[in-house]
Amino acid sequence: MKKIAVTGAGGFIGHHLVRALKRKGFWVRGIDIKKPEFSQSEADEFWFADLRDKDVAIKILQDIDEVYALAADVGGVGHLSRWNYEIIKNNLEIDTNTLQGVLASKGKKVLFTSSACVYPIYKQSTTDVAPLKEEEAYPADPEGAYGWEKLITERMLLHAAEERDCQVRISRFQNVYGPEETFEGGKEKVIGALCRKMALAQKNGEIEIWGDGKQTRSFCYVEDCVEGLIDLMNSNFSQPLNISGDGDISINDVANLLSKISTKNVSLKHIEGPQGVRGRQSDNSKRREVLKWTPKVPLEAGLTKTYLWVESQIKNRK
């Protein structure tokens with residue numbers, strides 16, 4: 001049986017990916033420095049390991065056929081805009097060592113999860129931004145230390161594929177969300193944060209939004225995301241590929257959808273805070289061509305599932 005490793009298996013997307021791989025009948029080793037936060041991992045083995053140690057990475061991946069490399073120091077815009085040195089240092093160590101482990105592994109095959117943060121800031125300065133195509137990552141001007149590290153690692157992996165005996169797949173995420181995502185503590189992303197604020201709000205109350213709320217994003221429900229990852233791993237495509245939902249929406253409109261879902265009729269209070277780029281939308285034409293795949297979960301349906309899950313978490317601890 002094929003042996004698959006998922007690094008970052010204690011995180012939101014990695015946890016869902018392990019679950020999806022198990023349901024497809026694969027043997028899976030989860031790897032992380034922490035357990036999943038909200039439910040038990042379904043991995044056949046769960047190894048606690050710090051991939052900033054090269055010897056650990058080589059040891060833990062040597063008998064593996066395929067590696068999904070999700071491990072990263074990551075969070076929402078508040079976290080990413082604050083800890084640039086630690087983020088780039090930690091992620092360079094994790095990704096370089098993971099690649100060394102892959103090169104020493106049985107299968108020598110890796111899927112690296114990159115980010116839309118690799119796309120140039122100068123292409124994302126307005127709310128009506130044109131959808132971003134994979135080749136538009138250059139000339140380079142990524143968003144923050146996190147974006148620079150992801151772009152550098154993409155290049156490292158592509159060169160490894162050219163010069164070493166390994167197979168590489170690269171996905172670029174945009175705003176993956178869903179049940180079991182982090183919704184508090186400083187590393188939460190926008191959907192988790194908005195769901196928490198809405199669940200805690202009084203009926204006809206208000207919630208705070210960083211900036212004017214007109215900044216736009218593409219979103220992808222987590223179950224769709226992991227299906228896209230598995231399809232990409234099983235494809236023959238070795239260049240970066242957007243794995244994202246279609247279209248874009250403003251943060252204000254997301255908040256208003258959550259207000260409708262919660263039936264709380266809240267108002268929005270705009271305050272100062274980090275916002276990231278002004279507008280970001282994914283061009284998914286290459287994804288449709290390569291994978292013959294499109295996301296199945298509409299935004300409102302995905303937001304409903306996510307909000308109800310966050311609301312239940314908050315209610316259950318009172």
# chains A, B, ... in the order shown; residues from 1 in each chain; ligands from 1

$ closest_atom_pairs --of "range 255-298 of chain A" --to "range 114-119 of chain A" --cutoff "12 Å" --atoms "only C-alpha atoms" --output "JSON lines"
{"residue": "A:Gly276", "atom": "CA", "partner": "A:Cys117", "partner_atom": "CA", "distance": 9.5}
{"residue": "A:Val277", "atom": "CA", "partner": "A:Cys117", "partner_atom": "CA", "distance": 9.1}
{"residue": "A:Gly279", "atom": "CA", "partner": "A:Tyr119", "partner_atom": "CA", "distance": 11.4}
{"residue": "A:Arg280", "atom": "CA", "partner": "A:Ala116", "partner_atom": "CA", "distance": 8.3}
{"residue": "A:Gln281", "atom": "CA", "partner": "A:Ala116", "partner_atom": "CA", "distance": 9.0}
{"residue": "A:Ser282", "atom": "CA", "partner": "A:Ala116", "partner_atom": "CA", "distance": 8.1}
{"residue": "A:Asp283", "atom": "CA", "partner": "A:Ala116", "partner_atom": "CA", "distance": 10.9}

$ select_by_dssp --residues "range 63-124 of chain A" --states "strand (DSSP E or B)" --output "list in words"
Glu66, Val67, Tyr68, Ala69, Lys109, Val110, Leu111, Phe112, Thr113, Ser114 and Ser115 of chain A

$ write_last_selection --atoms "N, CA and C atoms" --output "PDB file, in the first residue's frame"
ATOM      1  N   GLU A  66       4.794   9.468  -0.875  1.00  0.00           N
ATOM      2  CA  GLU A  66       4.364  10.808  -1.265  1.00  0.00           C
ATOM      3  C   GLU A  66       4.261  11.688  -0.027  1.00  0.00           C
ATOM      4  N   VAL A  67       4.701  12.942  -0.173  1.00  0.00           N
ATOM      5  CA  VAL A  67       4.661  13.893   0.940  1.00  0.00           C
ATOM      6  C   VAL A  67       3.806  15.095   0.546  1.00  0.00           C
ATOM      7  N   TYR A  68       2.807  15.375   1.361  1.00  0.00           N
ATOM      8  CA  TYR A  68       2.070  16.632   1.257  1.00  0.00           C
ATOM      9  C   TYR A  68       2.684  17.578   2.281  1.00  0.00           C
ATOM     10  N   ALA A  69       3.376  18.622   1.798  1.00  0.00           N
ATOM     11  CA  ALA A  69       4.134  19.512   2.678  1.00  0.00           C
ATOM     12  C   ALA A  69       3.308  20.743   3.023  1.00  0.00           C
ATOM     13  N   LYS A 109       8.635  12.181  -3.960  1.00  0.00           N
ATOM     14  CA  LYS A 109       7.538  12.940  -4.558  1.00  0.00           C
ATOM     15  C   LYS A 109       6.921  13.832  -3.491  1.00  0.00           C
ATOM     16  N   VAL A 110       6.746  15.136  -3.814  1.00  0.00           N
ATOM     17  CA  VAL A 110       6.249  16.087  -2.830  1.00  0.00           C
ATOM     18  C   VAL A 110       5.274  17.067  -3.464  1.00  0.00           C
ATOM     19  N   LEU A 111       4.228  17.396  -2.716  1.00  0.00           N
ATOM     20  CA  LEU A 111       3.327  18.496  -3.065  1.00  0.00           C
ATOM     21  C   LEU A 111       3.523  19.587  -2.019  1.00  0.00           C
ATOM     22  N   PHE A 112       3.952  20.760  -2.488  1.00  0.00           N
ATOM     23  CA  PHE A 112       4.201  21.899  -1.610  1.00  0.00           C
ATOM     24  C   PHE A 112       3.026  22.855  -1.673  1.00  0.00           C
ATOM     25  N   THR A 113       2.528  23.252  -0.502  1.00  0.00           N
ATOM     26  CA  THR A 113       1.414  24.201  -0.465  1.00  0.00           C
ATOM     27  C   THR A 113       1.964  25.607  -0.337  1.00  0.00           C
ATOM     28  N   SER A 114       1.916  26.331  -1.450  1.00  0.00           N
ATOM     29  CA  SER A 114       2.344  27.722  -1.495  1.00  0.00           C
ATOM     30  C   SER A 114       1.143  28.613  -1.210  1.00  0.00           C
ATOM     31  N   SER A 115       1.190  29.849  -1.649  1.00  0.00           N
ATOM     32  CA  SER A 115       0.178  30.824  -1.248  1.00  0.00           C
ATOM     33  C   SER A 115       0.008  31.894  -2.306  1.00  0.00           C
TER      34      SER A 115
END

$ closest_residue --among "A:Asp44, A:Glu154, A:Asp55, A:Glu180" --to "Val168 in chain A" --atoms "only C-alpha atoms"
A:Glu154

$ atom_distance --atom1 "CA of Ala193 in chain A" --atom2 "CA of Asp128 in chain A"
24.0 Å

$ closest_residue --among "A:Asn175, A:Ser41, A:Thr7, A:Ser105" --to "Asp63 in chain A" --atoms "only C-alpha atoms"
A:Ser105

$ atom_distance --atom1 "CA of Tyr307 in chain A" --atom2 "CA of Ala201 in chain A"
12.7 Å

$ atom_distance --atom1 "CA of Phe219 in chain A" --atom2 "CA of Asp50 in chain A"
29.7 Å

$ closest_residue --among "A:Asp248, A:Asp224, A:Glu184, A:Asp253" --to "Asp212 in chain A" --atoms "only C-alpha atoms"
A:Asp253

$ closest_residue --among "A:Gly30, A:Pro240, A:Gly192, A:Pro142" --to "Arg172 in chain A" --atoms "only C-alpha atoms"
A:Pro240

$ closest_residue --among "A:Asn91, A:Asn316, A:Ser244, A:Asn284" --to "Arg217 in chain A" --atoms "only C-alpha atoms"
A:Ser244

$ residues_around --residues "Val222 in chain A" --least-positions-apart "5" --cutoff "7 Å" --atoms "only C-alpha atoms" --output "PyMOL selection string"
chain A and resi 13+176-178

$ closest_residue --among "A:Ser250, A:Thr96, A:Met233, A:Val129" --to "Asp53 in chain A" --atoms "only C-alpha atoms"
A:Thr96

$ residues_around --residues "range 24-29 of chain A" --least-positions-apart "6" --cutoff "10 Å" --atoms "only C-alpha atoms" --output "list in words"
Met1, Lys2, Lys3, Ile4, Ala5, Val6, Thr7, Ala9, Leu17, Val18, Glu42, Ala43, Asp44, Glu45, Phe46, Trp47, Ile60, Leu61, Ile64, Glu66 and Val67 of chain A

$ residues_around --residues "Lys108 in chain A" --least-positions-apart "6" --cutoff "8 Å" --atoms "only C-alpha atoms" --output "list in words"
Asp65, Glu66, Val102, Asp165, Cys166 and Gln167 of chain A

$ residues_around --residues "Ser262 in chain A" --least-positions-apart "4" --cutoff "8 Å" --atoms "only C-alpha atoms" --output "list of chain:residue names"
A:Met198, A:Ala199, A:Leu258, A:Tyr307

$ write_last_selection --atoms "C-alpha atoms" --output "short mmCIF file (atom, residue, chain, number, x, y, z; two decimals), in the first residue's frame"
data_model
loop_
_atom_site.label_atom_id
_atom_site.label_comp_id
_atom_site.auth_asym_id
_atom_site.auth_seq_id
_atom_site.Cartn_x
_atom_site.Cartn_y
_atom_site.Cartn_z
CA MET A 198 -20.64 37.19 15.00
CA ALA A 199 -21.19 34.33 17.45
CA LEU A 258 -22.65 35.96 8.22
CA TYR A 307 -20.43 29.74 11.39
#

$ residues_around --residues "range 264-274 of chain A" --least-positions-apart "2" --cutoff "8 Å" --atoms "only C-alpha atoms" --output "MDAnalysis selection string"
chainID A and resid 77:78 81 198 201:213 252 255 259:260 262 276
